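J.: Contents of data20.tsv (TSV, C-alpha atoms and all ligand atoms) are below:
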```
chain	number	residue	atom	x	y	z
A	1	MET	CA	105.55	97.58	119.20
A	2	LEU	CA	106.00	98.14	115.49
A	3	ASN	CA	108.73	100.35	114.03
A	4	LEU	CA	107.69	101.18	110.46
A	5	ASN	CA	111.15	102.67	109.74
A	6	PHE	CA	112.47	99.12	109.92
A	7	TYR	CA	110.89	98.47	106.52
A	8	LYS	CA	112.67	101.33	104.74
A	9	ASN	CA	114.63	99.96	101.73
A	10	LYS	CA	113.78	96.34	102.58
A	11	LYS	CA	112.61	94.03	99.78
A	12	ILE	CA	109.15	92.76	100.62
A	13	LEU	CA	107.07	90.24	98.69
A	14	ILE	CA	103.32	90.19	99.26
A	15	THR	CA	101.21	87.39	97.79
A	16	GLY	CA	97.59	88.41	97.27
A	17	HIS	CA	98.59	92.06	96.83
A	18	THR	CA	95.68	92.78	94.46
A	19	GLY	CA	93.14	91.86	97.15
A	20	PHE	CA	91.53	93.97	99.86
A	21	LYS	CA	94.05	93.44	102.65
A	22	GLY	CA	96.96	93.17	100.22
A	23	ALA	CA	96.25	96.57	98.67
A	24	TRP	CA	96.24	98.27	102.09
A	25	LEU	CA	99.44	96.43	103.06
A	26	CYS	CA	101.24	97.49	99.86
A	27	GLU	CA	100.26	101.10	100.49
A	28	ILE	CA	101.54	101.05	104.10
A	29	LEU	CA	104.85	99.49	103.09
A	30	ALA	CA	105.33	101.78	100.10
A	31	SER	CA	104.75	104.82	102.30
A	32	ALA	CA	107.30	103.41	104.77
A	33	GLY	CA	109.91	103.43	101.96
A	34	ALA	CA	110.05	99.66	101.39
A	35	HIS	CA	110.66	98.08	97.96
A	36	VAL	CA	107.33	96.34	97.51
A	37	TYR	CA	106.72	93.42	95.13
A	38	GLY	CA	103.45	91.59	94.71
A	39	PHE	CA	102.45	88.20	93.28
A	40	SER	CA	98.82	87.29	92.71
A	41	LEU	CA	96.01	86.88	90.25
A	42	GLU	CA	94.16	89.89	88.86
A	43	PRO	CA	92.11	91.76	91.50
A	44	PRO	CA	89.31	89.45	92.64
A	45	THR	CA	86.59	92.10	92.28
A	46	SER	CA	85.55	94.81	89.89
A	47	PRO	CA	85.87	97.56	90.97
A	48	SER	CA	88.85	96.82	93.19
A	49	LEU	CA	90.74	98.85	95.75
A	50	PHE	CA	94.00	97.90	94.02
A	51	ASN	CA	92.90	99.56	90.77
A	52	ILE	CA	90.90	102.55	91.96
A	53	ALA	CA	93.56	103.61	94.50
A	54	LYS	CA	96.31	103.00	91.90
A	55	VAL	CA	98.25	100.89	94.39
A	56	GLY	CA	100.36	99.41	91.58
A	57	ASP	CA	101.99	102.81	90.98
A	58	ASP	CA	104.07	102.53	94.18
A	59	MET	CA	105.25	98.95	93.78
A	60	GLU	CA	106.11	96.21	91.31
A	61	SER	CA	103.18	93.95	90.55
A	62	PHE	CA	103.52	90.43	89.08
A	63	LEU	CA	100.44	88.50	88.02
A	64	GLY	CA	100.46	84.72	88.45
A	65	ASP	CA	98.79	81.71	90.01
A	66	ILE	CA	100.17	80.48	93.34
A	67	ARG	CA	99.01	76.95	92.49
A	68	ASP	CA	101.73	76.87	89.85
A	69	PHE	CA	105.12	76.34	91.50
A	70	GLU	CA	107.12	77.51	88.45
A	71	GLN	CA	105.32	80.85	88.39
A	72	ILE	CA	105.90	81.76	92.02
A	73	SER	CA	109.41	80.31	91.89
A	74	SER	CA	110.46	82.54	89.00
A	75	ILE	CA	109.28	85.64	90.91
A	76	PHE	CA	111.28	84.56	93.97
A	77	LYS	CA	114.40	84.17	91.85
A	78	LYS	CA	113.90	87.59	90.33
A	79	VAL	CA	112.93	89.55	93.47
A	80	GLN	CA	115.00	87.79	96.17
A	81	PRO	CA	112.77	89.12	98.98
A	82	GLU	CA	113.93	89.42	102.59
A	83	ILE	CA	110.44	89.40	104.05
A	84	VAL	CA	107.31	87.65	102.75
A	85	PHE	CA	103.66	88.23	103.65
A	86	HIS	CA	101.48	85.38	102.35
A	87	LEU	CA	97.91	86.55	101.78
A	88	ALA	CA	96.95	84.93	98.46
A	89	ALA	CA	93.90	82.77	99.02
A	90	GLN	CA	90.37	81.90	98.03
A	91	PRO	CA	88.94	83.57	101.17
A	92	ILE	CA	85.14	83.30	100.89
A	93	VAL	CA	83.30	80.61	102.90
A	94	ARG	CA	80.30	80.32	100.56
A	95	GLU	CA	82.56	80.13	97.50
A	96	SER	CA	84.45	77.28	99.18
A	97	TYR	CA	81.23	75.25	99.31
A	98	LYS	CA	80.78	75.83	95.57
A	99	ASN	CA	84.39	75.14	94.68
A	100	PRO	CA	86.18	73.14	97.38
A	101	VAL	CA	88.89	71.74	95.10
A	102	TYR	CA	90.01	75.18	93.90
A	103	THR	CA	89.88	76.45	97.50
A	104	TYR	CA	92.14	73.64	98.77
A	105	GLU	CA	94.50	73.90	95.80
A	106	THR	CA	94.97	77.63	96.32
A	107	ASN	CA	95.02	77.74	100.09
A	108	VAL	CA	96.96	74.56	100.82
A	109	MET	CA	99.19	73.91	97.79
A	110	GLY	CA	99.66	77.68	97.47
A	111	THR	CA	101.18	77.66	100.95
A	112	VAL	CA	103.34	74.64	100.12
A	113	ASN	CA	104.60	76.30	96.92
A	114	LEU	CA	105.39	79.51	98.74
A	115	LEU	CA	107.25	77.81	101.60
A	116	GLU	CA	109.15	75.67	99.12
A	117	CYS	CA	110.39	78.87	97.46
A	118	VAL	CA	111.41	80.17	100.87
A	119	ARG	CA	113.28	76.92	101.51
A	120	ILE	CA	115.26	76.85	98.26
A	121	ASN	CA	116.13	80.55	98.10
A	122	ASP	CA	118.59	81.91	100.65
A	123	CYS	CA	117.23	85.45	100.69
A	124	VAL	CA	114.23	85.23	103.03
A	125	LYS	CA	114.58	85.90	106.73
A	126	SER	CA	111.00	86.48	107.88
A	127	VAL	CA	107.66	85.02	106.72
A	128	LEU	CA	104.17	85.78	107.92
A	129	ASN	CA	101.42	83.41	106.82
A	130	VAL	CA	97.99	85.05	107.06
A	131	THR	CA	95.37	82.49	108.04
A	132	THR	CA	92.13	83.22	109.92
A	133	ASP	CA	90.20	82.95	113.18
A	134	LYS	CA	88.21	80.16	111.48
A	135	VAL	CA	91.12	77.68	111.70
A	136	TYR	CA	89.92	76.41	115.08
A	137	GLU	CA	87.52	73.57	115.70
A	138	ASN	CA	84.51	75.74	116.47
A	139	LYS	CA	82.69	74.59	119.58
A	140	GLU	CA	80.17	77.47	119.38
A	141	TRP	CA	81.05	78.48	122.92
A	142	GLU	CA	81.36	81.98	124.32
A	143	TRP	CA	85.07	81.83	125.21
A	144	GLY	CA	87.80	83.02	122.93
A	145	TYR	CA	89.98	80.36	121.26
A	146	ARG	CA	93.63	80.18	122.27
A	147	GLU	CA	96.51	79.40	119.96
A	148	TYR	CA	97.09	75.85	121.26
A	149	GLU	CA	93.50	74.68	120.65
A	150	PRO	CA	92.70	72.10	117.94
A	151	LEU	CA	92.82	73.28	114.34
A	152	ASP	CA	89.90	71.84	112.40
A	153	GLY	CA	87.88	74.40	110.44
A	154	TYR	CA	84.39	73.21	109.51
A	155	ASP	CA	83.80	74.36	105.92
A	156	PRO	CA	86.31	73.94	103.07
A	157	TYR	CA	87.64	77.50	103.37
A	158	SER	CA	88.18	77.31	107.13
A	159	ASN	CA	89.56	73.81	106.88
A	160	SER	CA	91.95	74.71	104.06
A	161	LYS	CA	93.33	77.44	106.31
A	162	SER	CA	93.74	74.93	109.17
A	163	CYS	CA	95.73	72.85	106.66
A	164	SER	CA	97.78	75.91	105.67
A	165	GLU	CA	98.66	76.29	109.36
A	166	LEU	CA	99.75	72.63	109.58
A	167	VAL	CA	101.87	72.94	106.44
A	168	THR	CA	103.59	75.95	108.00
A	169	HIS	CA	104.23	74.06	111.24
A	170	SER	CA	105.80	71.20	109.33
A	171	TYR	CA	108.07	73.42	107.20
A	172	LYS	CA	109.16	75.24	110.31
A	173	LYS	CA	110.09	72.06	112.18
A	174	SER	CA	111.50	70.21	109.18
A	175	PHE	CA	113.56	72.92	107.50
A	176	PHE	CA	113.94	76.10	109.52
A	177	LEU	CA	114.90	75.04	113.05
A	178	ASP	CA	118.35	76.52	112.47
A	179	GLY	CA	116.77	79.98	112.67
A	180	ARG	CA	117.76	81.10	109.16
A	181	VAL	CA	114.09	81.75	108.37
A	182	ARG	CA	111.64	82.87	111.02
A	183	ILE	CA	108.01	82.00	110.37
A	184	SER	CA	104.77	82.93	112.08
A	185	THR	CA	101.11	82.58	111.32
A	186	ALA	CA	98.49	85.16	112.24
A	187	ARG	CA	94.87	84.19	112.78
A	188	ALA	CA	92.81	87.33	112.40
A	189	GLY	CA	89.06	87.85	112.56
A	190	ASN	CA	86.73	89.50	110.05
A	191	VAL	CA	88.00	92.84	108.88
A	192	ILE	CA	86.12	95.88	107.70
A	193	GLY	CA	87.39	99.00	105.99
A	194	GLY	CA	87.18	101.12	102.89
A	195	GLY	CA	87.60	99.40	99.54
A	196	ASP	CA	86.26	95.89	100.17
A	197	PHE	CA	84.07	94.98	97.18
A	198	ALA	CA	83.79	91.22	97.80
A	199	ASP	CA	80.49	89.38	97.43
A	200	ASP	CA	79.09	87.76	100.55
A	201	ARG	CA	80.76	90.07	103.05
A	202	ILE	CA	78.69	92.26	105.29
A	203	ILE	CA	80.23	95.73	104.85
A	204	PRO	CA	80.38	95.49	101.04
A	205	ASP	CA	76.71	94.39	101.17
A	206	CYS	CA	75.93	97.46	103.32
A	207	VAL	CA	77.74	99.81	100.94
A	208	ARG	CA	76.06	98.39	97.80
A	209	ALA	CA	72.58	98.65	99.32
A	210	ALA	CA	73.08	102.08	100.92
A	211	ALA	CA	74.49	103.52	97.69
A	212	LYS	CA	71.31	102.41	95.88
A	213	GLY	CA	69.07	103.67	98.72
A	214	GLU	CA	67.86	100.09	99.32
A	215	PRO	CA	67.50	98.34	102.70
A	216	ILE	CA	70.49	96.19	103.70
A	217	VAL	CA	69.57	92.50	103.83
A	218	VAL	CA	71.24	90.71	106.74
A	219	ARG	CA	71.31	86.90	106.58
A	220	ASN	CA	72.88	86.19	109.93
A	221	PRO	CA	72.15	89.10	112.31
A	222	TYR	CA	72.81	87.13	115.51
A	223	SER	CA	76.24	85.70	114.62
A	224	VAL	CA	78.97	87.22	116.79
A	225	ARG	CA	82.29	87.86	115.07
A	226	PRO	CA	85.59	89.53	115.97
A	227	TYR	CA	85.18	92.47	113.58
A	228	GLN	CA	87.99	95.00	113.38
A	229	HIS	CA	89.37	97.62	111.02
A	230	VAL	CA	91.65	96.19	108.31
A	231	LEU	CA	94.57	98.28	109.58
A	232	GLU	CA	94.53	96.38	112.92
A	233	PRO	CA	95.66	92.97	111.64
A	234	LEU	CA	98.00	94.64	109.12
A	235	TYR	CA	99.70	96.44	112.01
A	236	ALA	CA	100.03	93.10	113.82
A	237	TYR	CA	101.41	91.33	110.71
A	238	LEU	CA	104.02	94.05	110.23
A	239	MET	CA	104.93	93.96	113.92
A	240	ILE	CA	105.36	90.17	114.03
A	241	ALA	CA	107.38	90.06	110.79
A	242	GLN	CA	109.67	92.83	112.02
A	243	ARG	CA	110.21	91.49	115.52
A	244	GLN	CA	110.91	87.91	114.44
A	245	TYR	CA	113.33	89.22	111.78
A	246	GLU	CA	115.26	90.86	114.61
A	247	ASP	CA	114.90	88.02	117.11
A	248	LYS	CA	113.83	84.40	116.43
A	249	ALA	CA	112.23	84.23	119.89
A	250	TYR	CA	109.22	86.15	118.52
A	251	GLU	CA	108.16	83.62	115.91
A	252	GLY	CA	104.96	81.78	116.75
A	253	TYR	CA	101.25	81.43	116.08
A	254	TYR	CA	99.20	84.47	117.00
A	255	ASN	CA	95.53	85.35	117.26
A	256	VAL	CA	94.71	88.89	116.18
A	257	GLY	CA	91.35	90.31	117.19
A	258	PRO	CA	89.47	93.12	118.89
A	259	ASP	CA	88.83	93.57	122.59
A	260	GLU	CA	85.96	91.53	124.03
A	261	THR	CA	83.60	94.55	124.08
A	262	ASP	CA	84.12	95.04	120.34
A	263	CYS	CA	83.06	91.49	119.41
A	264	ILE	CA	79.52	92.23	118.30
A	265	ALA	CA	76.68	90.57	116.44
A	266	THR	CA	76.40	91.23	112.72
A	267	GLY	CA	73.01	92.95	113.18
A	268	GLU	CA	74.54	95.38	115.68
A	269	LEU	CA	77.42	96.08	113.28
A	270	VAL	CA	74.99	96.87	110.48
A	271	GLY	CA	72.89	99.06	112.83
A	272	LYS	CA	76.00	101.07	113.70
A	273	PHE	CA	76.87	101.34	110.00
A	274	CYS	CA	73.38	102.74	109.25
A	275	ASP	CA	73.63	105.31	112.11
A	276	ILE	CA	77.02	106.58	110.96
A	277	TYR	CA	76.18	106.45	107.23
A	278	GLY	CA	72.91	108.38	107.72
A	279	GLU	CA	70.90	109.23	104.58
A	280	GLY	CA	68.09	106.95	105.79
A	281	ALA	CA	70.18	103.75	105.60
A	282	ALA	CA	68.29	100.84	107.18
A	283	TRP	CA	68.50	97.04	107.38
A	284	ILE	CA	66.16	94.07	107.36
A	285	ASN	CA	66.55	90.70	109.04
A	286	LYS	CA	66.40	87.85	106.52
A	287	CYS	CA	67.64	84.79	108.34
A	288	GLU	CA	67.88	82.16	105.65
A	289	GLU	CA	68.74	78.51	105.35
A	290	GLY	CA	72.19	78.53	103.83
A	291	PRO	CA	75.31	76.42	104.17
A	292	HIS	CA	76.68	76.13	107.71
A	293	GLU	CA	78.53	79.17	109.04
A	294	ALA	CA	79.80	79.65	112.57
A	295	ASN	CA	77.41	81.58	114.84
A	296	PHE	CA	79.77	82.34	117.64
A	297	LEU	CA	83.45	82.99	117.17
A	298	LYS	CA	85.80	84.85	119.49
A	299	LEU	CA	89.56	84.93	119.83
A	300	ASP	CA	91.68	85.16	122.95
A	301	CYS	CA	94.44	87.59	122.00
A	302	SER	CA	96.33	87.52	125.33
A	303	LYS	CA	99.42	86.09	123.65
A	304	LEU	CA	99.80	88.93	121.14
A	305	LYS	CA	99.13	91.45	123.91
A	306	ASN	CA	101.63	89.97	126.35
A	307	VAL	CA	104.44	89.21	123.92
A	308	PHE	CA	104.36	92.55	122.08
A	309	SER	CA	102.58	94.90	124.54
A	310	TRP	CA	100.09	95.29	121.71
A	311	LYS	CA	96.55	96.53	121.93
A	312	PRO	CA	93.96	97.43	119.27
A	313	HIS	CA	94.05	101.07	118.12
A	314	TRP	CA	90.48	101.67	116.94
A	315	ASN	CA	87.33	100.33	118.61
A	316	ILE	CA	84.37	99.11	116.55
A	317	ASP	CA	82.71	102.56	116.32
A	318	LYS	CA	85.89	104.17	115.03
A	319	ALA	CA	86.41	101.26	112.61
A	320	ILE	CA	82.93	101.78	111.13
A	321	GLU	CA	83.40	105.57	111.06
A	322	LYS	CA	86.61	105.17	109.02
A	323	THR	CA	84.93	102.66	106.69
A	324	VAL	CA	82.07	105.07	106.06
A	325	GLU	CA	84.52	107.96	105.57
A	326	TRP	CA	86.34	106.03	102.83
A	327	THR	CA	83.07	104.87	101.26
A	328	LYS	CA	81.65	108.39	101.04
A	329	CYS	CA	84.90	109.58	99.49
A	330	TYR	CA	84.60	106.81	96.88
A	331	LEU	CA	80.92	107.34	96.17
A	332	SER	CA	81.37	111.08	95.70
A	333	GLY	CA	84.21	110.52	93.20
A	334	ASP	CA	86.95	112.02	95.44
A	335	ASP	CA	90.56	110.81	95.53
A	336	VAL	CA	90.39	107.46	97.39
A	337	SER	CA	94.15	107.04	97.29
A	338	ASN	CA	94.53	110.23	99.32
A	339	CYS	CA	91.87	109.12	101.76
A	340	MET	CA	93.67	105.78	102.18
A	341	LYS	CA	97.01	107.48	102.82
A	342	LYS	CA	95.40	109.87	105.32
A	343	GLN	CA	93.81	106.99	107.25
A	344	ILE	CA	97.09	105.06	107.29
A	345	LYS	CA	98.89	108.11	108.69
A	346	GLU	CA	96.22	108.66	111.31
A	347	PHE	CA	96.28	105.01	112.39
A	348	PHE	CA	100.05	104.56	112.50
A	349	ILE	CA	100.81	107.92	114.10
A	350	SER	CA	98.03	107.99	116.74
B	1	LIG	N1	88.92	89.84	104.79
B	1	LIG	C1	88.78	89.21	105.95
B	1	LIG	O1	87.85	89.50	106.73
B	1	LIG	C2	89.77	88.16	106.36
B	1	LIG	C3	89.69	87.63	107.66
B	1	LIG	C4	90.61	86.66	108.07
B	1	LIG	C5	91.60	86.25	107.19
B	1	LIG	N2	91.65	86.75	105.92
B	1	LIG	C6	92.74	86.28	105.03
B	1	LIG	O2	93.46	87.41	104.57
B	1	LIG	C7	93.95	87.15	103.25
B	1	LIG	C8	93.53	88.25	102.33
B	1	LIG	O3	92.11	88.35	102.32
B	1	LIG	P1	91.35	89.47	101.50
B	1	LIG	O4	90.15	89.81	102.27
B	1	LIG	O5	92.29	90.55	101.12
B	1	LIG	O6	90.93	88.62	100.22
B	1	LIG	P2	90.75	89.08	98.69
B	1	LIG	O7	89.85	88.10	98.04
B	1	LIG	O8	90.41	90.51	98.60
B	1	LIG	O9	92.23	88.89	98.10
B	1	LIG	C9	92.75	87.61	97.81
B	1	LIG	C10	94.03	87.78	97.04
B	1	LIG	O10	94.53	86.48	96.71
B	1	LIG	C11	94.77	86.41	95.31
B	1	LIG	N3	94.57	85.05	94.83
B	1	LIG	C12	93.45	84.27	94.92
B	1	LIG	N4	93.67	83.08	94.34
B	1	LIG	C13	94.95	83.10	93.88
B	1	LIG	C14	95.77	82.17	93.19
B	1	LIG	N5	95.32	80.97	92.84
B	1	LIG	N6	97.04	82.55	92.88
B	1	LIG	C15	97.52	83.76	93.21
B	1	LIG	N7	96.78	84.67	93.87
B	1	LIG	C16	95.52	84.34	94.21
B	1	LIG	C17	93.78	87.38	94.69
B	1	LIG	O11	94.16	87.74	93.38
B	1	LIG	C18	93.87	88.52	95.69
B	1	LIG	O12	95.01	89.28	95.42
B	1	LIG	C19	93.41	85.77	102.85
B	1	LIG	O13	94.42	84.81	103.08
B	1	LIG	C20	92.24	85.55	103.79
B	1	LIG	O14	91.98	84.20	104.00
B	1	LIG	C21	90.76	87.70	105.50
```
Now that the file is in, can you turn its structure into structure tokens?

T.:
Amino acid sequence: MLNLNFYKNKKILITGHTGFKGAWLCEILASAGAHVYGFSLEPPTSPSLFNIAKVGDDMESFLGDIRDFEQISSIFKKVQPEIVFHLAAQPIVRESYKNPVYTYETNVMGTVNLLECVRINDCVKSVLNVTTDKVYENKEWEWGYREYEPLDGYDPYSNSKSCSELVTHSYKKSFFLDGRVRISTARAGNVIGGGDFADDRIIPDCVRAAAKGEPIVVRNPYSVRPYQHVLEPLYAYLMIAQRQYEDKAYEGYYNVGPDETDCIATGELVGKFCDIYGEGAAWINKCEEGPHEANFLKLDCSKLKNVFSWKPHWNIDKAIEKTVEWTKCYLSGDDVSNCMKKQIKEFFIS
């Protein structure tokens, strides 16, 4: 299991810290007493969790572009991190159809630049590369993918993340077999939680519509996805990075997802959101012809469970309840930073 005390006083670099997952990760690590440094572009949305929860107050934030080796390299030299979490990415499938070159540059060369910094600086001992459940060749079958199955994402986003995996495998075999640096990748499913303001993601769409009292338009109600609360994969990332730091035997490639019963269709997720949100929230089915997106995607997480005796903390109902709790706090103008800290405490202590 994870021991958060391990992170006390450790120097941690998070790429993509101004994003949704990155902001939550910074907050967890800062509250664990770590020295947290971040490298990324400006927050990708406005508003953003990073800004409204004042995440930058508890850490040192550097703005830069991961496609530019000199920029990330100078931060490495300055910070000399012991542990690195790589989250910086162009993470939206539809955006990757509009801008495939930028998506590949950021997600593939960004990974190369980061691992090159790890290679030429002696400080790093543990690296966790955050990829996605979409790295697998999707056969649209009902079984969960296992870590050894072929990596061949369909769309440019998914495929760029498959490439990021392959880059990581090569760096590991070519440069880090001596065990100086331990590297893992984590392939997590779709996350939900308070503070996601991205376009083209289902919970942000729900929040925007419900706040305006409009029906929620669902494009793909029958697609089944491994939804889970954002704190679930973050717990797993922290656990893997800690355990491999202590013992090289734990490095590997790990799926991170909910239990089978919590893999639900998007329509069901939105229905649950409406029930918990109340205030007359409702949704409409608007299946549309858009670019290809996977309809059926499940992960087999036996490896993570067996290796670390891990299991998910919050089921899908609890995950939605906590998302709605944060959203209502935000919409009523209450202190979202407090709400975030309270949820982190509840998750990591329960
Ligand atoms: N949110 C999900 O459901 C989900 C699911 C699986 C995997 N992931 C992965 O988790 C990671 C974080 O996702 P998120 O939801 O927080 O995304 P996000 O869009 O909220 O954050 C992305 C972060 O990357 C930074 N970034 C983007 N391009 C950059 C560049 N060229 N140089 C430097 N920084 C850059 C942004 O500034 C931001 O800090 C991504 O790698 C994503 O692929 C997310």

J.: From the set A:Ala23, A:Leu115, A:Leu231, A:Ile66, which residue has the shortest atom-to-atom contact distance to Lys54 of chain A, counting all atoms listed in the file?

T.: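 The closest residue to Lys54 of chain A is A:Ala23.
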
J.: Neighbouring residues of Ile28 of chain A were defined as those with any atom within 9 Å, considering all atoms listed in the file; residues of the same chain fewer than 2 positions away were excluded. Please report them as a list in words.

T.: Leu4, Ala23, Trp24, Leu25, Cys26, Ala30, Ser31, Ala32, Gly33, Leu234, Lys341, Ile344 and Lys345 of chain A

J.: Box in all listed atoms of ligand LIG 1 (chain B), axis-aligned, with 8 Å more on each side; write out centre and edge lengths in Å to one decimal as JSON.

T.:
```
{"center_x": 92.7, "center_y": 85.8, "center_z": 100.5, "size_x": 25.7, "size_y": 25.6, "size_z": 31.2}
```

J.: Hey, which residues come within 7 Å of ligand LIG 1 (chain B) if we count only C-alpha atoms and all ligand atoms? Could you give them as a VMD selection string?

T.: chain A and resid 15 to 22 39 to 44 64 to 67 87 to 91 106 130 to 133 187 to 192 196 198

J.: What is the distance between atom CA of Ile284 of chain A and atom CA of Trp143 of chain A, in Å to one decimal?

T.: 28.7 Å

J.: Please identify all polymer residues within 8 Å of Gly213 of chain A, counting only C-alpha atoms, omitting same-chain residues fewer than 3 positions from it, and present them as a ChimeraX atom specification.

T.: /A:209-210,280-281
